[in-house]
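**Student:** File start-v7.pdb follows (PDB, C-alpha atoms):
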```
ATOM      1  CA  MET A   1     -19.966 -24.405   4.963  1.00  0.00           C
ATOM      2  CA  THR A   2     -20.823 -20.813   4.041  1.00  0.00           C
ATOM      3  CA  VAL A   3     -21.375 -19.603   0.481  1.00  0.00           C
ATOM      4  CA  ALA A   4     -18.042 -17.769   0.650  1.00  0.00           C
ATOM      5  CA  GLN A   5     -16.273 -20.969   1.699  1.00  0.00           C
ATOM      6  CA  ARG A   6     -17.927 -22.944  -1.092  1.00  0.00           C
ATOM      7  CA  GLU A   7     -16.972 -20.320  -3.662  1.00  0.00           C
ATOM      8  CA  ARG A   8     -13.398 -20.330  -2.349  1.00  0.00           C
ATOM      9  CA  ALA A   9     -13.216 -24.118  -2.699  1.00  0.00           C
ATOM     10  CA  ALA A  10     -14.638 -23.915  -6.235  1.00  0.00           C
ATOM     11  CA  LEU A  11     -12.152 -21.173  -7.144  1.00  0.00           C
ATOM     12  CA  VAL A  12      -9.193 -23.208  -5.882  1.00  0.00           C
ATOM     13  CA  ALA A  13     -10.413 -26.315  -7.728  1.00  0.00           C
ATOM     14  CA  THR A  14     -10.600 -24.371 -11.001  1.00  0.00           C
ATOM     15  CA  PHE A  15      -7.217 -22.734 -10.418  1.00  0.00           C
ATOM     16  CA  ARG A  16      -5.707 -26.193  -9.928  1.00  0.00           C
ATOM     17  CA  GLU A  17      -7.125 -27.326 -13.285  1.00  0.00           C
ATOM     18  CA  VAL A  18      -5.464 -24.554 -15.291  1.00  0.00           C
ATOM     19  CA  SER A  19      -1.835 -23.569 -15.596  1.00  0.00           C
ATOM     20  CA  PRO A  20      -0.565 -20.660 -13.487  1.00  0.00           C
ATOM     21  CA  ASP A  21       0.141 -18.697 -16.666  1.00  0.00           C
ATOM     22  CA  ALA A  22      -3.404 -19.148 -18.011  1.00  0.00           C
ATOM     23  CA  PRO A  23      -5.237 -15.903 -18.881  1.00  0.00           C
ATOM     24  CA  THR A  24      -7.802 -14.122 -16.737  1.00  0.00           C
ATOM     25  CA  LEU A  25     -10.234 -11.267 -17.310  1.00  0.00           C
ATOM     26  CA  CYS A  26      -8.040  -9.012 -15.140  1.00  0.00           C
ATOM     27  CA  ASP A  27      -5.921  -6.897 -17.495  1.00  0.00           C
ATOM     28  CA  GLY A  28      -2.265  -7.877 -17.327  1.00  0.00           C
ATOM     29  CA  TRP A  29      -2.765 -10.692 -14.822  1.00  0.00           C
ATOM     30  CA  ASP A  30      -2.429 -14.401 -15.388  1.00  0.00           C
ATOM     31  CA  VAL A  31      -3.763 -16.942 -12.898  1.00  0.00           C
ATOM     32  CA  ARG A  32      -0.597 -16.764 -10.793  1.00  0.00           C
ATOM     33  CA  ASP A  33      -0.932 -12.976 -10.505  1.00  0.00           C
ATOM     34  CA  LEU A  34      -4.587 -13.286  -9.531  1.00  0.00           C
ATOM     35  CA  THR A  35      -3.738 -15.904  -6.901  1.00  0.00           C
ATOM     36  CA  ALA A  36      -1.021 -13.638  -5.498  1.00  0.00           C
ATOM     37  CA  HIS A  37      -3.573 -10.821  -5.331  1.00  0.00           C
ATOM     38  CA  LEU A  38      -5.856 -12.969  -3.172  1.00  0.00           C
ATOM     39  CA  VAL A  39      -2.969 -13.886  -0.886  1.00  0.00           C
ATOM     40  CA  VAL A  40      -1.839 -10.261  -0.488  1.00  0.00           C
ATOM     41  CA  ARG A  41      -5.413  -9.112   0.165  1.00  0.00           C
ATOM     42  CA  GLU A  42      -5.869 -11.483   3.077  1.00  0.00           C
ATOM     43  CA  ARG A  43      -2.360 -11.970   4.433  1.00  0.00           C
ATOM     44  CA  ARG A  44      -0.321  -8.792   3.849  1.00  0.00           C
ATOM     45  CA  LEU A  45      -1.940  -6.107   5.977  1.00  0.00           C
ATOM     46  CA  ASP A  46       0.848  -3.700   5.026  1.00  0.00           C
ATOM     47  CA  ALA A  47       0.097  -3.998   1.320  1.00  0.00           C
ATOM     48  CA  ALA A  48      -3.655  -4.661   1.173  1.00  0.00           C
ATOM     49  CA  PRO A  49      -4.719  -0.969   1.394  1.00  0.00           C
ATOM     50  CA  GLY A  50      -3.265  -0.317  -2.055  1.00  0.00           C
ATOM     51  CA  ILE A  51      -5.891  -2.570  -3.596  1.00  0.00           C
ATOM     52  CA  MET A  52      -8.468   0.156  -2.975  1.00  0.00           C
ATOM     53  CA  ILE A  53      -6.389   3.301  -2.357  1.00  0.00           C
ATOM     54  CA  PRO A  54      -4.503   4.571  -5.436  1.00  0.00           C
ATOM     55  CA  ALA A  55      -1.839   6.343  -3.372  1.00  0.00           C
ATOM     56  CA  PHE A  56      -0.615   2.983  -2.056  1.00  0.00           C
ATOM     57  CA  ALA A  57      -1.122   0.998  -5.251  1.00  0.00           C
ATOM     58  CA  GLY A  58       2.536   1.061  -6.298  1.00  0.00           C
ATOM     59  CA  TYR A  59       3.680  -0.619  -3.100  1.00  0.00           C
ATOM     60  CA  THR A  60       0.899  -3.178  -3.335  1.00  0.00           C
ATOM     61  CA  GLU A  61       1.881  -4.010  -6.907  1.00  0.00           C
ATOM     62  CA  ARG A  62       5.515  -4.536  -5.906  1.00  0.00           C
ATOM     63  CA  VAL A  63       4.546  -6.814  -3.033  1.00  0.00           C
ATOM     64  CA  GLN A  64       2.140  -8.766  -5.217  1.00  0.00           C
ATOM     65  CA  ASP A  65       4.792  -9.224  -7.913  1.00  0.00           C
ATOM     66  CA  GLN A  66       7.235 -10.446  -5.279  1.00  0.00           C
ATOM     67  CA  VAL A  67       4.722 -12.918  -3.830  1.00  0.00           C
ATOM     68  CA  ALA A  68       3.871 -14.206  -7.304  1.00  0.00           C
ATOM     69  CA  ALA A  69       7.510 -14.639  -8.299  1.00  0.00           C
ATOM     70  CA  SER A  70       8.910 -16.105  -5.090  1.00  0.00           C
ATOM     71  CA  THR A  71       6.144 -18.421  -3.869  1.00  0.00           C
ATOM     72  CA  ASP A  72       5.739 -21.969  -5.091  1.00  0.00           C
ATOM     73  CA  TRP A  73       2.504 -22.414  -7.055  1.00  0.00           C
ATOM     74  CA  ASP A  74       1.137 -25.168  -4.815  1.00  0.00           C
ATOM     75  CA  VAL A  75       1.934 -23.063  -1.755  1.00  0.00           C
ATOM     76  CA  LEU A  76       0.113 -20.068  -3.240  1.00  0.00           C
ATOM     77  CA  LEU A  77      -2.972 -22.184  -3.860  1.00  0.00           C
ATOM     78  CA  SER A  78      -2.814 -23.650  -0.365  1.00  0.00           C
ATOM     79  CA  LEU A  79      -2.677 -20.169   1.157  1.00  0.00           C
ATOM     80  CA  VAL A  80      -5.853 -19.219  -0.698  1.00  0.00           C
ATOM     81  CA  ALA A  81      -7.538 -22.526   0.148  1.00  0.00           C
ATOM     82  CA  ASP A  82      -6.780 -22.093   3.858  1.00  0.00           C
ATOM     83  CA  GLY A  83      -8.698 -18.821   3.968  1.00  0.00           C
ATOM     84  CA  PRO A  84      -7.888 -15.716   5.991  1.00  0.00           C
ATOM     85  CA  PRO A  85      -5.457 -16.180   8.893  1.00  0.00           C
ATOM     86  CA  LEU A  86      -6.458 -15.274  12.442  1.00  0.00           C
ATOM     87  CA  TYR A  87      -4.810 -11.827  12.238  1.00  0.00           C
ATOM     88  CA  SER A  88      -6.694 -10.838   9.083  1.00  0.00           C
ATOM     89  CA  PRO A  89      -9.819  -8.662   9.292  1.00  0.00           C
ATOM     90  CA  PHE A  90     -11.294 -11.009   6.698  1.00  0.00           C
ATOM     91  CA  LYS A  91     -11.322 -13.840   9.247  1.00  0.00           C
ATOM     92  CA  LEU A  92     -14.494 -12.426  10.790  1.00  0.00           C
ATOM     93  CA  LEU A  93     -15.781 -10.782   7.609  1.00  0.00           C
ATOM     94  CA  ASP A  94     -15.268 -13.801   5.359  1.00  0.00           C
ATOM     95  CA  PRO A  95     -18.954 -14.842   5.082  1.00  0.00           C
ATOM     96  CA  ILE A  96     -19.878 -11.334   3.913  1.00  0.00           C
ATOM     97  CA  ALA A  97     -16.832  -9.715   2.331  1.00  0.00           C
ATOM     98  CA  ASN A  98     -15.550 -12.696   0.372  1.00  0.00           C
ATOM     99  CA  VAL A  99     -18.663 -13.927  -1.407  1.00  0.00           C
ATOM    100  CA  ALA A 100     -18.283 -11.407  -4.243  1.00  0.00           C
ATOM    101  CA  GLU A 101     -14.481 -11.580  -4.221  1.00  0.00           C
ATOM    102  CA  MET A 102     -14.342 -15.347  -4.635  1.00  0.00           C
ATOM    103  CA  PHE A 103     -17.190 -15.522  -7.147  1.00  0.00           C
ATOM    104  CA  ILE A 104     -15.890 -12.737  -9.384  1.00  0.00           C
ATOM    105  CA  HIS A 105     -12.289 -13.931  -9.448  1.00  0.00           C
ATOM    106  CA  HIS A 106     -13.344 -17.531  -9.999  1.00  0.00           C
ATOM    107  CA  GLU A 107     -15.329 -16.344 -13.005  1.00  0.00           C
ATOM    108  CA  ASP A 108     -12.371 -14.231 -14.128  1.00  0.00           C
ATOM    109  CA  VAL A 109     -10.560 -17.485 -14.836  1.00  0.00           C
ATOM    110  CA  ARG A 110     -13.540 -19.497 -16.087  1.00  0.00           C
ATOM    111  CA  ARG A 111     -14.687 -16.785 -18.494  1.00  0.00           C
ATOM    112  CA  ALA A 112     -11.243 -16.189 -19.946  1.00  0.00           C
ATOM    113  CA  ARG A 113     -11.683 -19.544 -21.717  1.00  0.00           C
ATOM    114  CA  PRO A 114     -13.620 -19.460 -24.995  1.00  0.00           C
ATOM    115  CA  GLU A 115     -15.926 -22.360 -24.110  1.00  0.00           C
ATOM    116  CA  TRP A 116     -17.220 -20.945 -20.824  1.00  0.00           C
ATOM    117  CA  GLU A 117     -20.850 -21.090 -19.815  1.00  0.00           C
ATOM    118  CA  PRO A 118     -22.528 -19.726 -16.666  1.00  0.00           C
ATOM    119  CA  ARG A 119     -22.479 -22.152 -13.750  1.00  0.00           C
ATOM    120  CA  PRO A 120     -25.788 -23.327 -12.310  1.00  0.00           C
ATOM    121  CA  LEU A 121     -26.115 -21.663  -8.908  1.00  0.00           C
ATOM    122  CA  ASP A 122     -28.284 -22.814  -6.037  1.00  0.00           C
ATOM    123  CA  GLU A 123     -30.742 -20.510  -4.307  1.00  0.00           C
ATOM    124  CA  GLN A 124     -28.468 -19.842  -1.332  1.00  0.00           C
ATOM    125  CA  THR A 125     -25.601 -18.753  -3.576  1.00  0.00           C
ATOM    126  CA  THR A 126     -27.867 -16.613  -5.758  1.00  0.00           C
ATOM    127  CA  SER A 127     -29.269 -14.910  -2.658  1.00  0.00           C
ATOM    128  CA  ALA A 128     -25.769 -14.251  -1.290  1.00  0.00           C
ATOM    129  CA  LEU A 129     -24.647 -12.743  -4.607  1.00  0.00           C
ATOM    130  CA  ARG A 130     -27.581 -10.329  -4.650  1.00  0.00           C
ATOM    131  CA  ARG A 131     -26.455  -8.567  -1.484  1.00  0.00           C
ATOM    132  CA  PRO A 132     -23.211  -6.999  -2.737  1.00  0.00           C
ATOM    133  CA  ILE A 133     -24.638  -5.815  -6.068  1.00  0.00           C
ATOM    134  CA  ALA A 134     -25.905  -2.462  -4.788  1.00  0.00           C
ATOM    135  CA  MET A 135     -22.605  -1.608  -3.074  1.00  0.00           C
ATOM    136  CA  MET A 136     -20.606  -2.716  -6.105  1.00  0.00           C
ATOM    137  CA  ALA A 137     -22.796  -0.636  -8.428  1.00  0.00           C
ATOM    138  CA  ARG A 138     -22.374   2.465  -6.259  1.00  0.00           C
ATOM    139  CA  MET A 139     -18.599   2.035  -6.425  1.00  0.00           C
ATOM    140  CA  THR A 140     -18.196   1.241 -10.106  1.00  0.00           C
ATOM    141  CA  LEU A 141     -21.080   3.062 -11.786  1.00  0.00           C
ATOM    142  CA  ARG A 142     -21.048   6.347  -9.900  1.00  0.00           C
ATOM    143  CA  LYS A 143     -19.559   8.148 -12.932  1.00  0.00           C
ATOM    144  CA  ALA A 144     -21.966   6.599 -15.398  1.00  0.00           C
ATOM    145  CA  PRO A 145     -23.637   9.197 -17.668  1.00  0.00           C
ATOM    146  CA  ALA A 146     -27.009   7.551 -17.077  1.00  0.00           C
ATOM    147  CA  ARG A 147     -29.276   6.195 -14.394  1.00  0.00           C
ATOM    148  CA  VAL A 148     -28.296   2.535 -14.532  1.00  0.00           C
ATOM    149  CA  VAL A 149     -30.981   0.149 -13.298  1.00  0.00           C
ATOM    150  CA  LEU A 150     -29.857  -3.396 -12.513  1.00  0.00           C
ATOM    151  CA  ARG A 151     -32.817  -5.726 -12.734  1.00  0.00           C
ATOM    152  CA  THR A 152     -33.472  -9.466 -12.592  1.00  0.00           C
ATOM    153  CA  PRO A 153     -35.325 -11.265 -15.413  1.00  0.00           C
ATOM    154  CA  GLN A 154     -38.328 -11.378 -13.047  1.00  0.00           C
ATOM    155  CA  GLY A 155     -38.476  -7.584 -13.116  1.00  0.00           C
ATOM    156  CA  GLU A 156     -37.079  -6.926  -9.634  1.00  0.00           C
ATOM    157  CA  THR A 157     -34.772  -3.923  -9.362  1.00  0.00           C
ATOM    158  CA  VAL A 158     -31.660  -4.915  -7.434  1.00  0.00           C
ATOM    159  CA  ALA A 159     -29.713  -1.641  -7.615  1.00  0.00           C
ATOM    160  CA  THR A 160     -29.548   1.763  -9.287  1.00  0.00           C
ATOM    161  CA  ALA A 161     -26.560   4.038  -9.810  1.00  0.00           C
ATOM    162  CA  GLY A 162     -25.648   7.167 -11.737  1.00  0.00           C
ATOM    163  CA  ARG A 163     -27.806   9.985 -13.067  1.00  0.00           C
ATOM    164  CA  GLY A 164     -29.328  10.881 -16.391  1.00  0.00           C
ATOM    165  CA  PRO A 165     -31.351   9.001 -18.994  1.00  0.00           C
ATOM    166  CA  GLU A 166     -32.080   5.424 -18.017  1.00  0.00           C
ATOM    167  CA  VAL A 167     -30.202   2.317 -19.086  1.00  0.00           C
ATOM    168  CA  THR A 168     -31.596  -0.992 -17.840  1.00  0.00           C
ATOM    169  CA  VAL A 169     -29.313  -3.969 -17.313  1.00  0.00           C
ATOM    170  CA  THR A 170     -31.144  -7.274 -16.965  1.00  0.00           C
ATOM    171  CA  GLY A 171     -29.640 -10.532 -15.780  1.00  0.00           C
ATOM    172  CA  ASP A 172     -29.423 -13.063 -12.992  1.00  0.00           C
ATOM    173  CA  PRO A 173     -27.757 -11.795  -9.791  1.00  0.00           C
ATOM    174  CA  GLY A 174     -24.384 -13.383 -10.535  1.00  0.00           C
ATOM    175  CA  GLU A 175     -24.363 -11.826 -13.991  1.00  0.00           C
ATOM    176  CA  LEU A 176     -25.396  -8.410 -12.652  1.00  0.00           C
ATOM    177  CA  LEU A 177     -22.547  -8.620 -10.155  1.00  0.00           C
ATOM    178  CA  MET A 178     -20.083  -9.420 -12.933  1.00  0.00           C
ATOM    179  CA  PHE A 179     -21.386  -6.496 -14.999  1.00  0.00           C
ATOM    180  CA  ALA A 180     -21.111  -4.105 -12.061  1.00  0.00           C
ATOM    181  CA  ALA A 181     -17.575  -5.362 -11.462  1.00  0.00           C
ATOM    182  CA  GLY A 182     -16.640  -4.206 -14.950  1.00  0.00           C
ATOM    183  CA  ARG A 183     -16.653  -7.512 -16.796  1.00  0.00           C
ATOM    184  CA  ASP A 184     -17.905  -7.463 -20.380  1.00  0.00           C
ATOM    185  CA  GLN A 185     -18.289 -11.247 -20.207  1.00  0.00           C
ATOM    186  CA  ALA A 186     -21.464 -10.899 -18.117  1.00  0.00           C
ATOM    187  CA  ARG A 187     -24.560 -12.513 -19.614  1.00  0.00           C
ATOM    188  CA  VAL A 188     -26.839  -9.491 -19.411  1.00  0.00           C
ATOM    189  CA  SER A 189     -29.029  -7.525 -21.778  1.00  0.00           C
ATOM    190  CA  LEU A 190     -28.839  -3.724 -21.890  1.00  0.00           C
ATOM    191  CA  ASP A 191     -31.771  -1.538 -22.854  1.00  0.00           C
ATOM    192  CA  GLY A 192     -30.951   1.997 -23.934  1.00  0.00           C
ATOM    193  CA  SER A 193     -29.538   3.907 -26.864  1.00  0.00           C
ATOM    194  CA  ALA A 194     -26.426   2.328 -28.367  1.00  0.00           C
ATOM    195  CA  ASP A 195     -24.276   5.377 -27.583  1.00  0.00           C
ATOM    196  CA  LEU A 196     -25.463   5.555 -24.000  1.00  0.00           C
ATOM    197  CA  VAL A 197     -24.991   1.815 -23.424  1.00  0.00           C
ATOM    198  CA  ALA A 198     -21.443   2.078 -24.741  1.00  0.00           C
ATOM    199  CA  ALA A 199     -20.785   5.084 -22.500  1.00  0.00           C
ATOM    200  CA  VAL A 200     -22.110   3.243 -19.424  1.00  0.00           C
ATOM    201  CA  LYS A 201     -19.930   0.214 -20.129  1.00  0.00           C
ATOM    202  CA  GLY A 202     -16.917   2.443 -20.645  1.00  0.00           C
ATOM    203  CA  ALA A 203     -17.521   4.421 -17.472  1.00  0.00           C
ATOM    204  CA  ARG A 204     -17.480   1.415 -15.156  1.00  0.00           C
ATOM    205  CA  GLY A 205     -14.724   1.033 -12.655  1.00  0.00           C
ATOM    206  CA  GLY A 206     -13.506  -2.487 -11.889  1.00  0.00           C
ATOM    207  CA  LEU A 207     -12.799  -4.699  -8.917  1.00  0.00           C
TER     208      LEU A 207
END
```
Would you mind writing the structure in this file as structure tokens?

**Tutor:**
Amino acid sequence: MTVAQRERAALVATFREVSPDAPTLCDGWDVRDLTAHLVVRERRLDAAPGIMIPAFAGYTERVQDQVAASTDWDVLLSLVADGPPLYSPFKLLDPIANVAEMFIHHEDVRRARPEWEPRPLDEQTTSALRRPIAMMARMTLRKAPARVVLRTPQGETVATAGRGPEVTVTGDPGELLMFAAGRDQARVSLDGSADLVAAVKGARGGL
């Protein structure tokens, strides 16, 4: 089983534990909405482009709302658990493209609960989560008013983005990925002036 498959299974297990109307870190979405998003992303090729392309976002939102409202909860979860269908581009890309997707959205539900704590991650998972950090940072921190350096506690620089005075973000790879994805519930430390740190956090885009 790949890391992406393990993260998918963990996500589905957590989603089954909570109610479909439980909160998430995604603004305006409950767990049902987030599950519908995952289904649309992998199974509705007509609507998936709007996830990334603003011009198509309205159509994607309408389709997602329809899927969320008209699909039985257990069926929605089963569609996510089954993974991408044969016609989906994610069928071949799943081991690469879905590691970050499944991890981040799993944590979006876990970290919306007040008692959350970071999960212990094995070396294979940690290594897999390192790979998408640089791409995520380039997407979400490109407008940052600083040179943002994402660094592990061991002092290894994983990614840099933006220009200007330096702000260093230190954390384990999973936490750096959550920070780059726009989540304030990332367990990281930020080194820089208070105003600049606040500006960097505010300038992030989100997944």

**Student:** Step by step, work through what the PyMOL selection byres ((chain A and resi 6-21) around 10) selects in the shown file, and finish by giving those residues as a PyMOL selection string.

**Tutor:** chain A and resi 1-5+22-24+29-35+68+73-74+77-78+80-83+98-110+125

**Student:** Take every atom of range 37-56 of chain A listed in the file, fit an axis-aligned box around them, add 5 Å per side, and give the centre and edge lengths in Å to one decimal as lines of an AutoDock Vina configuration file.

**Tutor:**
```
center_x = -3.8
center_y = -3.8
center_z = 0.3
size_x = 19.3
size_y = 30.2
size_z = 21.4
```

**Student:** Starting from the displayed file, determine the output of the PyMOL selection byres ((chain A and resi 43-45) around 9) and express the residue list as a list in words.

**Tutor:**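 Expected selection for the PyMOL selection byres ((chain A and resi 43-45) around 9) here is Leu38, Val39, Val40, Arg41, Glu42, Asp46, Ala47, Ala48, Pro49, Val63, Leu79, Pro84, Pro85, Tyr87, Ser88 and Pro89 of chain A.
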
**Student:** I would like the residues chosen by the PyMOL selection byres ((chain A and resi 174) around 12) on the shown file; could you give them as an mmCIF file with C-alpha atoms, keeping the file's coordinate frame?

**Tutor:**
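The result, written out as out-v7.cif:
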```
data_model
loop_
_atom_site.group_PDB
_atom_site.id
_atom_site.type_symbol
_atom_site.label_atom_id
_atom_site.label_comp_id
_atom_site.auth_asym_id
_atom_site.auth_seq_id
_atom_site.Cartn_x
_atom_site.Cartn_y
_atom_site.Cartn_z
ATOM 1 C CA VAL A 99 -18.663 -13.927 -1.407
ATOM 2 C CA ALA A 100 -18.283 -11.407 -4.243
ATOM 3 C CA GLU A 101 -14.481 -11.580 -4.221
ATOM 4 C CA MET A 102 -14.342 -15.347 -4.635
ATOM 5 C CA PHE A 103 -17.190 -15.522 -7.147
ATOM 6 C CA ILE A 104 -15.890 -12.737 -9.384
ATOM 7 C CA HIS A 106 -13.344 -17.531 -9.999
ATOM 8 C CA GLU A 107 -15.329 -16.344 -13.005
ATOM 9 C CA PRO A 118 -22.528 -19.726 -16.666
ATOM 10 C CA ARG A 119 -22.479 -22.152 -13.750
ATOM 11 C CA PRO A 120 -25.788 -23.327 -12.310
ATOM 12 C CA LEU A 121 -26.115 -21.663 -8.908
ATOM 13 C CA ASP A 122 -28.284 -22.814 -6.037
ATOM 14 C CA GLU A 123 -30.742 -20.510 -4.307
ATOM 15 C CA GLN A 124 -28.468 -19.842 -1.332
ATOM 16 C CA THR A 125 -25.601 -18.753 -3.576
ATOM 17 C CA THR A 126 -27.867 -16.613 -5.758
ATOM 18 C CA SER A 127 -29.269 -14.910 -2.658
ATOM 19 C CA ALA A 128 -25.769 -14.251 -1.290
ATOM 20 C CA LEU A 129 -24.647 -12.743 -4.607
ATOM 21 C CA ARG A 130 -27.581 -10.329 -4.650
ATOM 22 C CA ARG A 131 -26.455 -8.567 -1.484
ATOM 23 C CA PRO A 132 -23.211 -6.999 -2.737
ATOM 24 C CA ILE A 133 -24.638 -5.815 -6.068
ATOM 25 C CA LEU A 150 -29.857 -3.396 -12.513
ATOM 26 C CA ARG A 151 -32.817 -5.726 -12.734
ATOM 27 C CA THR A 152 -33.472 -9.466 -12.592
ATOM 28 C CA VAL A 158 -31.660 -4.915 -7.434
ATOM 29 C CA THR A 170 -31.144 -7.274 -16.965
ATOM 30 C CA GLY A 171 -29.640 -10.532 -15.780
ATOM 31 C CA ASP A 172 -29.423 -13.063 -12.992
ATOM 32 C CA PRO A 173 -27.757 -11.795 -9.791
ATOM 33 C CA GLU A 175 -24.363 -11.826 -13.991
ATOM 34 C CA LEU A 176 -25.396 -8.410 -12.652
ATOM 35 C CA LEU A 177 -22.547 -8.620 -10.155
ATOM 36 C CA MET A 178 -20.083 -9.420 -12.933
ATOM 37 C CA PHE A 179 -21.386 -6.496 -14.999
ATOM 38 C CA ALA A 180 -21.111 -4.105 -12.061
ATOM 39 C CA ALA A 181 -17.575 -5.362 -11.462
ATOM 40 C CA ARG A 183 -16.653 -7.512 -16.796
ATOM 41 C CA GLN A 185 -18.289 -11.247 -20.207
ATOM 42 C CA ALA A 186 -21.464 -10.899 -18.117
ATOM 43 C CA ARG A 187 -24.560 -12.513 -19.614
ATOM 44 C CA VAL A 188 -26.839 -9.491 -19.411
#
```

**Student:** Mind giving me the straight-line distance from CA of Ala97 in chain A to CA of Met135 in chain A in Å, one decimal?

**Tutor:**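 Answer for the CA of Ala97 in chain A to CA of Met135 in chain A separation: 11.3 Å.
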
**Student:** Please, what distance in Å, to one decimal, runs between CA of Glu61 in chain A and CA of Met139 in chain A?

**Tutor:** 21.4 Å

**Student:** Would you mind telling me which residue in A:Val197, A:Thr160, A:Glu115, A:Asp94 lies nearest to Pro145 in chain A when using all atoms listed in the file?

**Tutor:** A:Val197

**Student:** Distance CA of Gly164 in chain A-CA of Asp191 in chain A, one decimal place?

**Tutor:**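 Taking CA of Gly164 in chain A as the start and CA of Asp191 in chain A as the end point, the length is 14.2 Å.
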
**Student:** Kindly write range 52-58 of chain A with all heavy atoms to a file, as a PDB file, in the first residue's frame.

**Tutor:**
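The resulting file, out.pdb, is reproduced below:
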```pdb
ATOM      1  N   MET A  52      -9.042  24.683  -9.326  1.00  0.00           N
ATOM      2  CA  MET A  52      -7.811  25.451  -9.470  1.00  0.00           C
ATOM      3  C   MET A  52      -7.964  26.704 -10.321  1.00  0.00           C
ATOM      4  O   MET A  52      -7.174  27.626 -10.211  1.00  0.00           O
ATOM      5  CB  MET A  52      -6.716  24.564 -10.080  1.00  0.00           C
ATOM      6  CG  MET A  52      -6.341  23.358  -9.233  1.00  0.00           C
ATOM      7  SD  MET A  52      -5.628  23.806  -7.643  1.00  0.00           S
ATOM      8  CE  MET A  52      -4.106  24.579  -8.163  1.00  0.00           C
ATOM      9  N   ILE A  53      -8.983  26.728 -11.199  1.00  0.00           N
ATOM     10  CA  ILE A  53      -9.132  27.830 -12.152  1.00  0.00           C
ATOM     11  C   ILE A  53     -10.342  28.680 -11.756  1.00  0.00           C
ATOM     12  O   ILE A  53     -11.486  28.213 -11.849  1.00  0.00           O
ATOM     13  CB  ILE A  53      -9.304  27.300 -13.590  1.00  0.00           C
ATOM     14  CG1 ILE A  53      -8.132  26.391 -13.960  1.00  0.00           C
ATOM     15  CG2 ILE A  53      -9.420  28.455 -14.577  1.00  0.00           C
ATOM     16  CD1 ILE A  53      -8.306  25.682 -15.285  1.00  0.00           C
ATOM     17  N   PRO A  54     -10.118  29.911 -11.298  1.00  0.00           N
ATOM     18  CA  PRO A  54     -11.222  30.733 -10.789  1.00  0.00           C
ATOM     19  C   PRO A  54     -12.370  30.920 -11.773  1.00  0.00           C
ATOM     20  O   PRO A  54     -13.531  31.010 -11.352  1.00  0.00           O
ATOM     21  CB  PRO A  54     -10.541  32.070 -10.480  1.00  0.00           C
ATOM     22  CG  PRO A  54      -9.109  31.708 -10.199  1.00  0.00           C
ATOM     23  CD  PRO A  54      -8.801  30.571 -11.124  1.00  0.00           C
ATOM     24  N   ALA A  55     -12.078  30.967 -13.061  1.00  0.00           N
ATOM     25  CA  ALA A  55     -13.133  31.204 -14.049  1.00  0.00           C
ATOM     26  C   ALA A  55     -14.188  30.098 -14.047  1.00  0.00           C
ATOM     27  O   ALA A  55     -15.336  30.328 -14.432  1.00  0.00           O
ATOM     28  CB  ALA A  55     -12.518  31.334 -15.444  1.00  0.00           C
ATOM     29  N   PHE A  56     -13.807  28.906 -13.623  1.00  0.00           N
ATOM     30  CA  PHE A  56     -14.736  27.775 -13.612  1.00  0.00           C
ATOM     31  C   PHE A  56     -15.235  27.441 -12.205  1.00  0.00           C
ATOM     32  O   PHE A  56     -15.943  26.453 -12.015  1.00  0.00           O
ATOM     33  CB  PHE A  56     -14.066  26.533 -14.208  1.00  0.00           C
ATOM     34  CG  PHE A  56     -13.553  26.717 -15.607  1.00  0.00           C
ATOM     35  CD1 PHE A  56     -12.243  26.391 -15.932  1.00  0.00           C
ATOM     36  CD2 PHE A  56     -14.373  27.235 -16.603  1.00  0.00           C
ATOM     37  CE1 PHE A  56     -11.770  26.572 -17.223  1.00  0.00           C
ATOM     38  CE2 PHE A  56     -13.911  27.416 -17.888  1.00  0.00           C
ATOM     39  CZ  PHE A  56     -12.602  27.085 -18.213  1.00  0.00           C
ATOM     40  N   ALA A  57     -14.856  28.242 -11.231  1.00  0.00           N
ATOM     41  CA  ALA A  57     -15.138  27.906  -9.840  1.00  0.00           C
ATOM     42  C   ALA A  57     -16.635  27.874  -9.539  1.00  0.00           C
ATOM     43  O   ALA A  57     -17.094  27.059  -8.732  1.00  0.00           O
ATOM     44  CB  ALA A  57     -14.444  28.887  -8.910  1.00  0.00           C
ATOM     45  N   GLY A  58     -17.408  28.745 -10.163  1.00  0.00           N
ATOM     46  CA  GLY A  58     -18.840  28.786  -9.904  1.00  0.00           C
ATOM     47  C   GLY A  58     -19.514  27.479 -10.273  1.00  0.00           C
ATOM     48  O   GLY A  58     -20.354  26.959  -9.515  1.00  0.00           O
TER      49      GLY A  58
END
```
